[in-house]
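Engineer: This one is target00.pdb, PDB, C-alpha atoms.
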```pdb
ATOM      1  CA  MET A   1       0.000   0.000   0.000
ATOM      2  CA  THR A   2       2.810   2.382   0.901
ATOM      3  CA  GLU A   3       4.604   1.680  -2.373
ATOM      4  CA  ILE A   4       1.422   2.403  -4.344
ATOM      5  CA  THR A   5       0.903   5.665  -2.443
ATOM      6  CA  ARG A   6       4.486   6.699  -3.044
ATOM      7  CA  LEU A   7       4.127   5.914  -6.742
ATOM      8  CA  LEU A   8       0.994   8.076  -6.900
ATOM      9  CA  ILE A   9       2.760  10.978  -5.167
ATOM     10  CA  GLN A  10       5.747  10.764  -7.484
ATOM     11  CA  SER A  11       3.423  10.536 -10.486
ATOM     12  CA  LEU A  12       1.665  13.677  -9.279
ATOM     13  CA  MET A  13       4.992  15.479  -8.958
ATOM     14  CA  PHE A  14       5.944  14.392 -12.474
ATOM     15  CA  ALA A  15       2.565  15.570 -13.795
ATOM     16  CA  ILE A  16       3.050  18.966 -12.134
ATOM     17  CA  LEU A  17       6.511  19.245 -13.661
ATOM     18  CA  VAL A  18       5.352  18.358 -17.178
ATOM     19  CA  SER A  19       2.211  20.516 -17.051
ATOM     20  CA  GLY A  20       4.300  23.374 -15.684
ATOM     21  CA  LEU A  21       6.765  23.165 -18.561
ATOM     22  CA  VAL A  22       3.882  23.088 -21.042
ATOM     23  CA  GLY A  23       2.381  26.056 -19.237
ATOM     24  CA  TRP A  24       5.598  28.063 -19.496
ATOM     25  CA  TRP A  25       5.779  27.281 -23.209
ATOM     26  CA  ARG A  26       2.269  28.731 -23.558
ATOM     27  CA  VAL A  27       3.278  31.756 -21.466
ATOM     28  CA  LEU A  28       6.234  32.315 -23.776
ATOM     29  CA  ARG A  29       3.977  32.150 -26.832
ATOM     30  CA  PHE A  30       1.544  34.543 -25.158
ATOM     31  CA  TRP A  31       4.367  36.957 -24.360
ATOM     32  CA  ARG A  32       5.765  36.887 -27.900
ATOM     33  CA  LYS A  33       2.298  37.565 -29.253
ATOM     34  CA  SER A  34       1.474  40.266 -26.737
ATOM     35  CA  VAL A  35       4.619  42.346 -27.282
ATOM     36  CA  SER A  36       3.222  43.316 -30.667
ATOM     37  CA  THR A  37      -0.132  44.306 -29.129
ATOM     38  CA  PRO A  38      -0.497  47.712 -27.435
ATOM     39  CA  ILE A  39      -1.159  47.255 -23.727
ATOM     40  CA  ASP A  40      -4.078  49.684 -23.905
ATOM     41  CA  ALA A  41      -5.889  47.202 -26.151
ATOM     42  CA  ALA A  42      -5.745  44.556 -23.434
ATOM     43  CA  ILE A  43      -6.849  46.805 -20.541
ATOM     44  CA  PRO A  44     -10.339  48.303 -20.286
ATOM     45  CA  SER A  45     -10.382  52.017 -20.997
ATOM     46  CA  SER A  46     -12.350  52.539 -17.778
ATOM     47  CA  ASP A  47      -9.216  51.700 -15.770
ATOM     48  CA  PRO A  48      -7.707  55.089 -14.861
ATOM     49  CA  SER A  49      -4.185  53.778 -14.251
ATOM     50  CA  PRO A  50      -3.162  51.062 -16.719
ATOM     51  CA  THR A  51       0.366  49.718 -16.386
ATOM     52  CA  THR A  52       2.564  48.016 -18.936
ATOM     53  CA  GLY A  53       4.679  44.892 -18.981
ATOM     54  CA  ILE A  54       4.339  41.124 -19.034
ATOM     55  CA  MET A  55       3.421  41.039 -15.330
ATOM     56  CA  GLU A  56       0.331  43.112 -16.041
ATOM     57  CA  ARG A  57      -0.583  41.163 -19.157
ATOM     58  CA  LEU A  58      -0.522  37.731 -17.487
ATOM     59  CA  VAL A  59      -2.569  38.648 -14.400
ATOM     60  CA  PRO A  60      -3.918  42.215 -14.573
ATOM     61  CA  ALA A  61      -3.561  43.912 -11.198
ATOM     62  CA  ARG A  62      -6.760  44.697  -9.370
ATOM     63  CA  ARG A  63      -7.490  48.011  -7.801
ATOM     64  CA  GLN A  64      -7.135  47.438  -4.074
ATOM     65  CA  ASN A  65      -7.570  49.207  -0.768
ATOM     66  CA  LYS A  66      -4.253  50.696   0.236
ATOM     67  CA  PRO A  67      -2.653  48.758   3.150
ATOM     68  CA  PHE A  68      -2.823  50.786   6.358
ATOM     69  CA  TRP A  69      -0.344  48.632   8.280
ATOM     70  CA  THR A  70       3.435  49.097   8.340
ATOM     71  CA  PRO A  71       6.511  46.836   8.540
ATOM     72  CA  ALA A  72       6.213  47.214  12.320
ATOM     73  CA  GLU A  73       3.209  44.847  12.198
ATOM     74  CA  PHE A  74       5.379  42.303  10.401
ATOM     75  CA  LEU A  75       7.983  42.480  13.166
ATOM     76  CA  LEU A  76       5.251  42.295  15.799
ATOM     77  CA  ALA A  77       3.686  39.175  14.251
ATOM     78  CA  PHE A  78       7.066  37.489  13.875
ATOM     79  CA  GLY A  79       8.082  38.265  17.444
ATOM     80  CA  LEU A  80       4.675  37.275  18.787
ATOM     81  CA  ARG A  81       4.983  33.761  17.413
ATOM     82  CA  VAL A  82       8.467  33.391  18.914
ATOM     83  CA  VAL A  83       7.275  34.591  22.319
ATOM     84  CA  LEU A  84       4.236  32.301  22.189
ATOM     85  CA  MET A  85       6.355  29.286  21.301
ATOM     86  CA  ILE A  86       8.761  29.981  24.149
ATOM     87  CA  GLY A  87       5.958  30.563  26.629
ATOM     88  CA  LEU A  88       3.888  27.557  25.584
ATOM     89  CA  SER A  89       6.972  25.334  25.520
ATOM     90  CA  SER A  90       7.850  26.253  29.084
ATOM     91  CA  LEU A  91       4.300  25.452  30.182
ATOM     92  CA  PHE A  92       3.534  22.241  28.321
ATOM     93  CA  ILE A  93       6.772  20.558  27.250
ATOM     94  CA  LYS A  94       7.951  18.780  30.378
ATOM     95  CA  GLU A  95       9.824  15.873  28.857
ATOM     96  CA  ALA A  96      12.675  16.228  26.391
ATOM     97  CA  SER A  97      11.682  12.917  24.809
ATOM     98  CA  SER A  98       8.177  14.119  23.943
ATOM     99  CA  THR A  99       7.501  14.117  20.188
ATOM    100  CA  HIS A 100       3.892  15.332  20.059
ATOM    101  CA  ALA A 101       4.073  18.292  22.452
ATOM    102  CA  PRO A 102       6.435  20.443  20.296
ATOM    103  CA  LEU A 103       4.105  20.067  17.312
ATOM    104  CA  LEU A 104       1.087  21.014  19.404
ATOM    105  CA  VAL A 105       2.991  24.038  20.706
ATOM    106  CA  GLN A 106       3.925  25.135  17.168
ATOM    107  CA  LEU A 107       0.357  24.722  15.971
ATOM    108  CA  ALA A 108      -1.062  26.639  18.933
ATOM    109  CA  ALA A 109       1.530  29.420  18.570
ATOM    110  CA  ILE A 110       0.668  29.880  14.884
ATOM    111  CA  VAL A 111      -3.093  29.994  15.491
ATOM    112  CA  LEU A 112      -2.759  32.376  18.435
ATOM    113  CA  ALA A 113      -0.314  34.654  16.590
ATOM    114  CA  ILE A 114      -2.608  34.964  13.560
ATOM    115  CA  ALA A 115      -5.677  35.545  15.744
ATOM    116  CA  ALA A 116      -3.890  38.153  17.875
ATOM    117  CA  MET A 117      -2.574  40.068  14.863
ATOM    118  CA  LEU A 118      -5.928  40.055  13.082
ATOM    119  CA  GLY A 119      -7.528  41.239  16.313
ATOM    120  CA  TRP A 120      -5.027  44.089  16.590
ATOM    121  CA  LEU A 121      -5.441  45.119  12.958
ATOM    122  CA  SER A 122      -9.219  44.943  13.307
ATOM    123  CA  LEU A 123      -9.016  47.508  16.099
ATOM    124  CA  LEU A 124      -7.366  49.856  13.595
ATOM    125  CA  GLN A 125      -9.647  48.996  10.665
ATOM    126  CA  ARG A 126     -12.808  46.939  11.021
ATOM    127  CA  ASP A 127     -12.341  45.231   7.649
ATOM    128  CA  ALA A 128      -8.667  44.435   8.302
ATOM    129  CA  PRO A 129      -8.869  40.666   7.564
ATOM    130  CA  GLN A 130     -10.310  41.344   4.109
ATOM    131  CA  ARG A 131      -7.838  44.153   3.412
ATOM    132  CA  VAL A 132      -4.854  41.991   4.376
ATOM    133  CA  GLY A 133      -6.065  39.334   1.972
ATOM    134  CA  PHE A 134      -8.153  36.832   3.934
ATOM    135  CA  GLN A 135     -10.903  36.753   1.364
ATOM    136  CA  ILE A 136     -11.897  33.728  -0.676
ATOM    137  CA  GLN A 137     -13.142  34.212  -4.201
ATOM    138  CA  LYS A 138     -13.710  31.528  -6.794
ATOM    139  CA  ASP A 139     -11.436  33.304  -9.267
ATOM    140  CA  ASP A 140      -8.579  33.399  -6.735
ATOM    141  CA  LEU A 141      -8.814  29.665  -6.084
ATOM    142  CA  LYS A 142      -8.883  29.027  -9.833
ATOM    143  CA  LEU A 143      -5.829  31.253 -10.271
ATOM    144  CA  GLY A 144      -4.042  29.328  -7.525
ATOM    145  CA  LEU A 145      -4.719  25.992  -9.222
ATOM    146  CA  ILE A 146      -3.575  27.303 -12.602
ATOM    147  CA  SER A 147      -0.456  28.867 -11.087
ATOM    148  CA  THR A 148       0.544  25.774  -9.094
ATOM    149  CA  PRO A 149       2.263  23.840 -11.930
ATOM    150  CA  LEU A 150       3.823  27.022 -13.323
ATOM    151  CA  ILE A 151       5.415  27.977 -10.017
ATOM    152  CA  LEU A 152       6.182  24.518  -8.647
ATOM    153  CA  SER A 153       7.773  23.230 -11.862
ATOM    154  CA  VAL A 154      10.406  25.967 -11.654
ATOM    155  CA  VAL A 155      10.855  25.422  -7.921
ATOM    156  CA  MET A 156      11.296  21.658  -8.450
ATOM    157  CA  LEU A 157      13.918  22.081 -11.171
ATOM    158  CA  ILE A 158      15.905  24.641  -9.189
ATOM    159  CA  SER A 159      15.583  22.502  -6.054
ATOM    160  CA  LEU A 160      16.969  19.464  -7.892
ATOM    161  CA  LEU A 161      19.855  21.507  -9.240
ATOM    162  CA  ALA A 162      20.612  23.127  -5.881
ATOM    163  CA  SER A 163      20.388  19.833  -3.940
ATOM    164  CA  SER A 164      22.874  18.252  -6.337
ATOM    165  CA  ILE A 165      25.375  20.876  -5.191
ATOM    166  CA  VAL A 166      24.407  21.178  -1.524
ATOM    167  CA  GLU A 167      22.362  18.443   0.167
ATOM    168  CA  TYR A 168      18.886  19.563   1.168
ATOM    169  CA  GLU A 169      18.106  19.275   4.871
ATOM    170  CA  HIS A 170      15.020  20.032   6.908
ATOM    171  CA  PRO A 171      14.435  19.239  10.586
ATOM    172  CA  VAL A 172      10.803  18.262   9.941
ATOM    173  CA  LEU A 173      11.712  15.772   7.221
ATOM    174  CA  LYS A 174      14.475  14.335   9.402
ATOM    175  CA  SER A 175      12.040  13.748  12.244
ATOM    176  CA  LEU A 176       9.684  11.814   9.963
ATOM    177  CA  PHE A 177      12.266   9.076   9.536
ATOM    178  CA  ALA A 178      12.732   8.808  13.317
ATOM    179  CA  ASN A 179       9.038   8.567  14.229
ATOM    180  CA  LYS A 180       6.469   6.010  13.116
ATOM    181  CA  SER A 181       3.461   7.301  15.056
ATOM    182  CA  ILE A 182       0.325   8.010  13.008
ATOM    183  CA  LEU A 183      -0.558  10.828  15.409
ATOM    184  CA  PHE A 184       2.857  12.371  14.814
ATOM    185  CA  TYR A 185       2.273  12.263  11.056
ATOM    186  CA  ILE A 186      -1.148  13.908  11.423
ATOM    187  CA  LEU A 187       0.155  16.687  13.681
ATOM    188  CA  THR A 188       3.131  17.243  11.375
ATOM    189  CA  PHE A 189       0.807  17.557   8.378
ATOM    190  CA  LEU A 190      -1.548  19.989  10.129
ATOM    191  CA  THR A 191       1.354  22.119  11.345
ATOM    192  CA  THR A 192       3.667  22.053   8.325
ATOM    193  CA  ALA A 193       1.316  21.635   5.373
ATOM    194  CA  ILE A 194      -1.663  23.693   6.564
ATOM    195  CA  ALA A 195      -0.939  26.095   9.431
ATOM    196  CA  THR A 196       2.593  27.132   8.447
ATOM    197  CA  PRO A 197       1.708  28.158   4.849
ATOM    198  CA  ILE A 198      -1.226  30.221   6.126
ATOM    199  CA  TYR A 199       0.960  31.949   8.723
ATOM    200  CA  GLU A 200       3.875  32.548   6.347
ATOM    201  CA  GLU A 201       1.682  33.966   3.601
ATOM    202  CA  PHE A 202      -0.056  36.227   6.122
ATOM    203  CA  LEU A 203       3.322  37.298   7.519
ATOM    204  CA  PHE A 204       5.475  37.727   4.419
ATOM    205  CA  ARG A 205       2.956  38.461   1.679
ATOM    206  CA  GLY A 206       0.222  40.236   3.623
ATOM    207  CA  LEU A 207       2.040  42.144   6.352
ATOM    208  CA  LEU A 208       5.540  42.581   4.893
ATOM    209  CA  GLN A 209       5.006  42.824   1.147
ATOM    210  CA  GLY A 210       1.714  44.671   1.572
ATOM    211  CA  SER A 211       3.244  47.309   3.837
ATOM    212  CA  LEU A 212       6.228  47.739   1.499
ATOM    213  CA  GLN A 213       3.874  48.148  -1.464
ATOM    214  CA  ALA A 214       2.072  50.930   0.383
ATOM    215  CA  LEU A 215       5.418  52.662   1.019
ATOM    216  CA  ALA A 216       6.549  52.207  -2.572
ATOM    217  CA  ASN A 217       3.328  53.527  -4.130
ATOM    218  CA  PRO A 218       1.815  56.059  -1.731
ATOM    219  CA  THR A 219      -1.686  57.338  -2.348
ATOM    220  CA  PRO A 220      -4.090  59.320  -0.174
ATOM    221  CA  THR A 221      -5.523  57.189   2.617
ATOM    222  CA  GLY A 222      -8.840  55.596   1.740
ATOM    223  CA  GLU A 223      -8.281  55.580  -2.026
ATOM    224  CA  THR A 224      -7.897  52.385  -4.020
ATOM    225  CA  TRP A 225      -4.660  51.864  -5.854
ATOM    226  CA  LYS A 226      -2.569  49.386  -7.763
ATOM    227  CA  PRO A 227       0.860  48.278  -6.471
ATOM    228  CA  LEU A 228       3.159  49.249  -9.338
ATOM    229  CA  SER A 229       6.664  48.809  -7.884
ATOM    230  CA  VAL A 230       8.428  45.455  -8.088
ATOM    231  CA  TRP A 231      11.051  45.942  -5.372
ATOM    232  CA  PRO A 232       8.668  45.139  -2.450
ATOM    233  CA  LEU A 233       8.150  41.695  -3.973
ATOM    234  CA  ILE A 234      11.918  41.135  -4.281
ATOM    235  CA  VAL A 235      12.749  42.435  -0.802
ATOM    236  CA  SER A 236      10.069  40.371   0.926
ATOM    237  CA  SER A 237      11.204  37.289  -1.021
ATOM    238  CA  LEU A 238      14.819  37.822   0.018
ATOM    239  CA  ILE A 239      13.770  38.093   3.668
ATOM    240  CA  PHE A 240      11.550  35.009   3.340
ATOM    241  CA  ALA A 241      14.425  32.991   1.872
ATOM    242  CA  ALA A 242      16.861  34.292   4.499
ATOM    243  CA  MET A 243      14.577  32.986   7.255
ATOM    244  CA  HIS A 244      15.311  29.465   5.976
ATOM    245  CA  PHE A 245      19.088  29.910   6.259
ATOM    246  CA  PRO A 246      21.188  28.327   7.676
ATOM    247  CA  GLY A 247      20.307  24.726   8.431
ATOM    248  CA  GLN A 248      18.434  23.758   5.254
ATOM    249  CA  GLY A 249      21.272  23.431   2.780
ATOM    250  CA  ALA A 250      20.572  25.168  -0.526
ATOM    251  CA  ALA A 251      16.824  25.392   0.192
ATOM    252  CA  PRO A 252      16.806  29.240   0.334
ATOM    253  CA  ILE A 253      17.465  29.331  -3.436
ATOM    254  CA  PRO A 254      14.253  27.554  -4.565
ATOM    255  CA  ILE A 255      12.412  29.154  -1.642
ATOM    256  CA  PHE A 256      13.313  32.594  -3.019
ATOM    257  CA  VAL A 257      11.957  31.598  -6.434
ATOM    258  CA  LEU A 258       8.798  30.224  -4.791
ATOM    259  CA  SER A 259       8.352  33.477  -2.905
ATOM    260  CA  LEU A 260       8.631  35.500  -6.105
ATOM    261  CA  GLY A 261       5.776  33.499  -7.616
ATOM    262  CA  LEU A 262       3.605  33.723  -4.513
ATOM    263  CA  GLY A 263       4.388  37.422  -4.111
ATOM    264  CA  TYR A 264       3.395  38.073  -7.705
ATOM    265  CA  LEU A 265      -0.010  36.461  -7.122
ATOM    266  CA  TYR A 266      -0.547  38.582  -4.019
ATOM    267  CA  ARG A 267       0.672  41.749  -5.739
ATOM    268  CA  GLN A 268      -1.777  41.362  -8.617
ATOM    269  CA  THR A 269      -4.827  40.233  -6.633
ATOM    270  CA  GLY A 270      -4.426  41.628  -3.115
ATOM    271  CA  SER A 271      -5.695  38.249  -1.891
ATOM    272  CA  LEU A 272      -3.871  35.560   0.091
ATOM    273  CA  ALA A 273      -6.104  32.788  -1.291
ATOM    274  CA  ALA A 274      -3.986  31.895  -4.347
ATOM    275  CA  PRO A 275      -0.570  32.101  -2.573
ATOM    276  CA  ILE A 276      -1.850  30.012   0.347
ATOM    277  CA  LEU A 277      -3.289  27.380  -1.998
ATOM    278  CA  VAL A 278      -0.026  27.016  -3.942
ATOM    279  CA  HIS A 279       2.008  26.937  -0.710
ATOM    280  CA  VAL A 280      -0.271  24.313   0.878
ATOM    281  CA  ILE A 281      -0.070  22.086  -2.211
ATOM    282  CA  LEU A 282       3.742  22.283  -2.252
ATOM    283  CA  ASN A 283       4.139  21.495   1.445
ATOM    284  CA  SER A 284       1.539  18.727   1.253
ATOM    285  CA  ILE A 285       3.253  16.988  -1.660
ATOM    286  CA  THR A 286       6.658  17.307  -0.012
ATOM    287  CA  LEU A 287       5.394  15.875   3.269
ATOM    288  CA  LEU A 288       3.418  13.053   1.649
ATOM    289  CA  ASP A 289       6.503  12.084  -0.339
ATOM    290  CA  ALA A 290       8.505  12.048   2.906
ATOM    291  CA  PHE A 291       5.751  10.105   4.698
ATOM    292  CA  THR A 292       5.821   7.311   2.135
ATOM    293  CA  ALA A 293       9.619   7.277   2.090
ATOM    294  CA  SER A 294       9.778   6.915   5.882
TER     295      SER A 294
END
```
Rewrite the coordinates I just gave you, this time as structure tokens.

Structural biologist:
Amino acid sequence: MTEITRLLIQSLMFAILVSGLVGWWRVLRFWRKSVSTPIDAAIPSSDPSPTTGIMERLVPARRQNKPFWTPAEFLLAFGLRVVLMIGLSSLFIKEASSTHAPLLVQLAAIVLAIAAMLGWLSLLQRDAPQRVGFQIQKDDLKLGLISTPLILSVVMLISLLASSIVEYEHPVLKSLFANKSILFYILTFLTTAIATPIYEEFLFRGLLQGSLQALANPTPTGETWKPLSVWPLIVSSLIFAAMHFPGQGAAPIPIFVLSLGLGYLYRQTGSLAAPILVHVILNSITLLDAFTAS
């Protein structure tokens, strides 16, 4: 049964890789065709601030509410999770040999940190969760599914290349080979494949990239706007990749590329739905592959 499951997971990874390469070939054809077409022909004339470039042609940016938060909220959310993990660990982890308690602590710290930050932002603006990007629309989920093979195919190829130079390491994947408990697998999946992507997208895309976009493209408070600058996406991706260094080999390289793709989705839509979906799929496939291998 395990061998069949592993074969299915590897087949899924291969399908993502192939469909991603086909998708990029179609993107290239679209780009070559679109460079000869004036951008104004592809953007409704009712849009008062059309922008140019392939980024706008692939996924036209929506007009969004300007983020009211600052990078200070990013630092607060990051520090809050650290403090919660330390505090909860001191209260509930009594035995060094415990394998389930650390996962429960991580899961609780993530949930509490997200809830506390959304509560704080909601005190400043009542519709804060929606403005940060916690809004689910059918089109965003569809965009996430379409973007998954495009983003993950590149990440997979770069990851294979990077791991051939420097061996990939991850403490979570290491622990899977040392533990055979079904409960441990379930808690690991909930923490790493579900909760962590939601927290990281909220932290790095919503709070960090969103606040940098507001600084890069200032507009009067209360007016809708489009994030035009690219550097907030690059800076937030560099910080996201740096958070995975050291200790994970060459992982920061594909993680940076992943972050660029996820940041692009957030930049164009102002929603966390598509980035979270892609991130959850990646972490789920990686963990399921490790589960079957262990």

Engineer: Rank nothing, just name the residue among A:Trp120, A:Phe256, A:Phe291, A:Phe134 nearest to Leu76 (chain A), using all atoms listed in the file.

Structural biologist: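 Among A:Trp120, A:Phe256, A:Phe291, A:Phe134, it is A:Trp120 that comes nearest to Leu76 (chain A).
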
Engineer: Run the PyMOL selection byres ((chain A and resi 143) around 10) on the file and write out the hits as number ranges by chain.

Structural biologist: A: 59, 137-142, 144-148, 265, 269, 273-275, 277-278

Engineer: Taking all atoms listed in the file into account, which of A:Val166, A:Ile136, A:Val111, A:Ala72 comes nearest Met85 (chain A)?

Structural biologist: A:Val111

Engineer: Take the PyMOL selection byres ((chain A and resi 195-210) around 6), apply it to the structure above, and return the hits as a PyMOL selection string.

Structural biologist: chain A and resi 71+74+132+191-192+194+211-213+232+236+276+279-280

Engineer: For Thr99 (chain A), which residue among A:Ile151, A:Leu183, A:Val35, A:Leu121 is the nearest when counting all atoms listed in the file?

Structural biologist: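 For Thr99 (chain A), the nearest of the given residues is A:Leu183.
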
Engineer: Grab the CA of His100 (chain A) to CA of Phe240 (chain A) distance for me, in Å with one decimal place.

Structural biologist: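 The value is 26.9 Å.
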
Engineer: In terms of the shortest atom-to-atom distance over only C-alpha atoms, which of A:Phe189, A:Pro218, A:Ser271, A:Ser259 is closest to Asn283 (chain A)?

Structural biologist: A:Phe189

Engineer: Which distance in Å separates CA of Ile86 (chain A) and CA of Ile110 (chain A), to one decimal?

Structural biologist: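 Rounded to one decimal, the two atoms are 12.3 Å apart.
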
Engineer: Find the distance between CA of Gly270 (chain A) and CA of Gly133 (chain A) and write it in Å to one decimal.

Structural biologist: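 One can read the CA of Gly270 (chain A) to CA of Gly133 (chain A) distance as 5.8 Å.
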
Engineer: Given the file above and the PyMOL selection byres ((chain A and resi 25-30) around 12), which residues are selected, and can you give them as a ChimeraX atom specification?

Structural biologist: /A:18-24,31-37,54-55,57-59,147,150

Engineer: Would you write out those residues with C-alpha atoms, as a compact mmCIF listing (two decimals), in the frame of the given file?

Structural biologist:
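So the final result, stored in again_2.txt, reads:
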```
# COMPACT_ATOMS: atom_id res chain seq x y z
CA VAL A 18 5.35 18.36 -17.18
CA SER A 19 2.21 20.52 -17.05
CA GLY A 20 4.30 23.37 -15.68
CA LEU A 21 6.76 23.16 -18.56
CA VAL A 22 3.88 23.09 -21.04
CA GLY A 23 2.38 26.06 -19.24
CA TRP A 24 5.60 28.06 -19.50
CA TRP A 31 4.37 36.96 -24.36
CA ARG A 32 5.76 36.89 -27.90
CA LYS A 33 2.30 37.56 -29.25
CA SER A 34 1.47 40.27 -26.74
CA VAL A 35 4.62 42.35 -27.28
CA SER A 36 3.22 43.32 -30.67
CA THR A 37 -0.13 44.31 -29.13
CA ILE A 54 4.34 41.12 -19.03
CA MET A 55 3.42 41.04 -15.33
CA ARG A 57 -0.58 41.16 -19.16
CA LEU A 58 -0.52 37.73 -17.49
CA VAL A 59 -2.57 38.65 -14.40
CA SER A 147 -0.46 28.87 -11.09
CA LEU A 150 3.82 27.02 -13.32
```

Engineer: Give the answer as one residue: which of A:Ile16, A:Ile255, A:Val235, A:Leu272 has the shortest atom-to-atom distance to Gln135 (chain A), using all atoms listed in the file?

Structural biologist: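 Checking each of A:Ile16, A:Ile255, A:Val235, A:Leu272 against Gln135 (chain A), counting all atoms listed in the file, the winner is A:Leu272.
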
Engineer: Return the single residue from A:Gly53, A:Phe78, A:Phe92, A:Leu104 that is closest to Ile186 (chain A), with distances computed using only C-alpha atoms.

Structural biologist: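 Among the listed residues, A:Leu104 lies closest to Ile186 (chain A).
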
Engineer: Take region 58-69 of chain A, model N, CA and C atoms, and hand the result over as a PDB file, keeping the file's coordinate frame.

Structural biologist:
```pdb
ATOM      1  N   LEU A  58      -0.183  39.083 -17.937  1.00  0.00           N
ATOM      2  CA  LEU A  58      -0.522  37.731 -17.487  1.00  0.00           C
ATOM      3  C   LEU A  58      -1.680  37.743 -16.492  1.00  0.00           C
ATOM      4  N   VAL A  59      -1.518  38.521 -15.414  1.00  0.00           N
ATOM      5  CA  VAL A  59      -2.569  38.648 -14.400  1.00  0.00           C
ATOM      6  C   VAL A  59      -2.757  40.135 -14.130  1.00  0.00           C
ATOM      7  N   PRO A  60      -3.711  40.777 -14.786  1.00  0.00           N
ATOM      8  CA  PRO A  60      -3.918  42.215 -14.573  1.00  0.00           C
ATOM      9  C   PRO A  60      -4.157  42.535 -13.098  1.00  0.00           C
ATOM     10  N   ALA A  61      -3.444  43.536 -12.609  1.00  0.00           N
ATOM     11  CA  ALA A  61      -3.561  43.912 -11.198  1.00  0.00           C
ATOM     12  C   ALA A  61      -4.934  44.519 -10.913  1.00  0.00           C
ATOM     13  N   ARG A  62      -5.488  44.129  -9.793  1.00  0.00           N
ATOM     14  CA  ARG A  62      -6.760  44.697  -9.370  1.00  0.00           C
ATOM     15  C   ARG A  62      -6.523  45.993  -8.609  1.00  0.00           C
ATOM     16  N   ARG A  63      -7.525  46.840  -8.667  1.00  0.00           N
ATOM     17  CA  ARG A  63      -7.490  48.011  -7.801  1.00  0.00           C
ATOM     18  C   ARG A  63      -7.839  47.553  -6.389  1.00  0.00           C
ATOM     19  N   GLN A  64      -7.029  47.952  -5.431  1.00  0.00           N
ATOM     20  CA  GLN A  64      -7.135  47.438  -4.074  1.00  0.00           C
ATOM     21  C   GLN A  64      -7.209  48.584  -3.075  1.00  0.00           C
ATOM     22  N   ASN A  65      -7.663  48.255  -1.861  1.00  0.00           N
ATOM     23  CA  ASN A  65      -7.570  49.207  -0.768  1.00  0.00           C
ATOM     24  C   ASN A  65      -6.121  49.304  -0.315  1.00  0.00           C
ATOM     25  N   LYS A  66      -5.641  50.512  -0.165  1.00  0.00           N
ATOM     26  CA  LYS A  66      -4.253  50.696   0.236  1.00  0.00           C
ATOM     27  C   LYS A  66      -4.021  50.118   1.633  1.00  0.00           C
ATOM     28  N   PRO A  67      -2.964  49.284   1.816  1.00  0.00           N
ATOM     29  CA  PRO A  67      -2.653  48.758   3.150  1.00  0.00           C
ATOM     30  C   PRO A  67      -2.414  49.887   4.146  1.00  0.00           C
ATOM     31  N   PHE A  68      -2.994  49.767   5.327  1.00  0.00           N
ATOM     32  CA  PHE A  68      -2.823  50.786   6.358  1.00  0.00           C
ATOM     33  C   PHE A  68      -1.776  50.384   7.383  1.00  0.00           C
ATOM     34  N   TRP A  69      -1.337  49.119   7.329  1.00  0.00           N
ATOM     35  CA  TRP A  69      -0.344  48.632   8.280  1.00  0.00           C
ATOM     36  C   TRP A  69       1.062  48.951   7.786  1.00  0.00           C
TER      37      TRP A  69
END
```
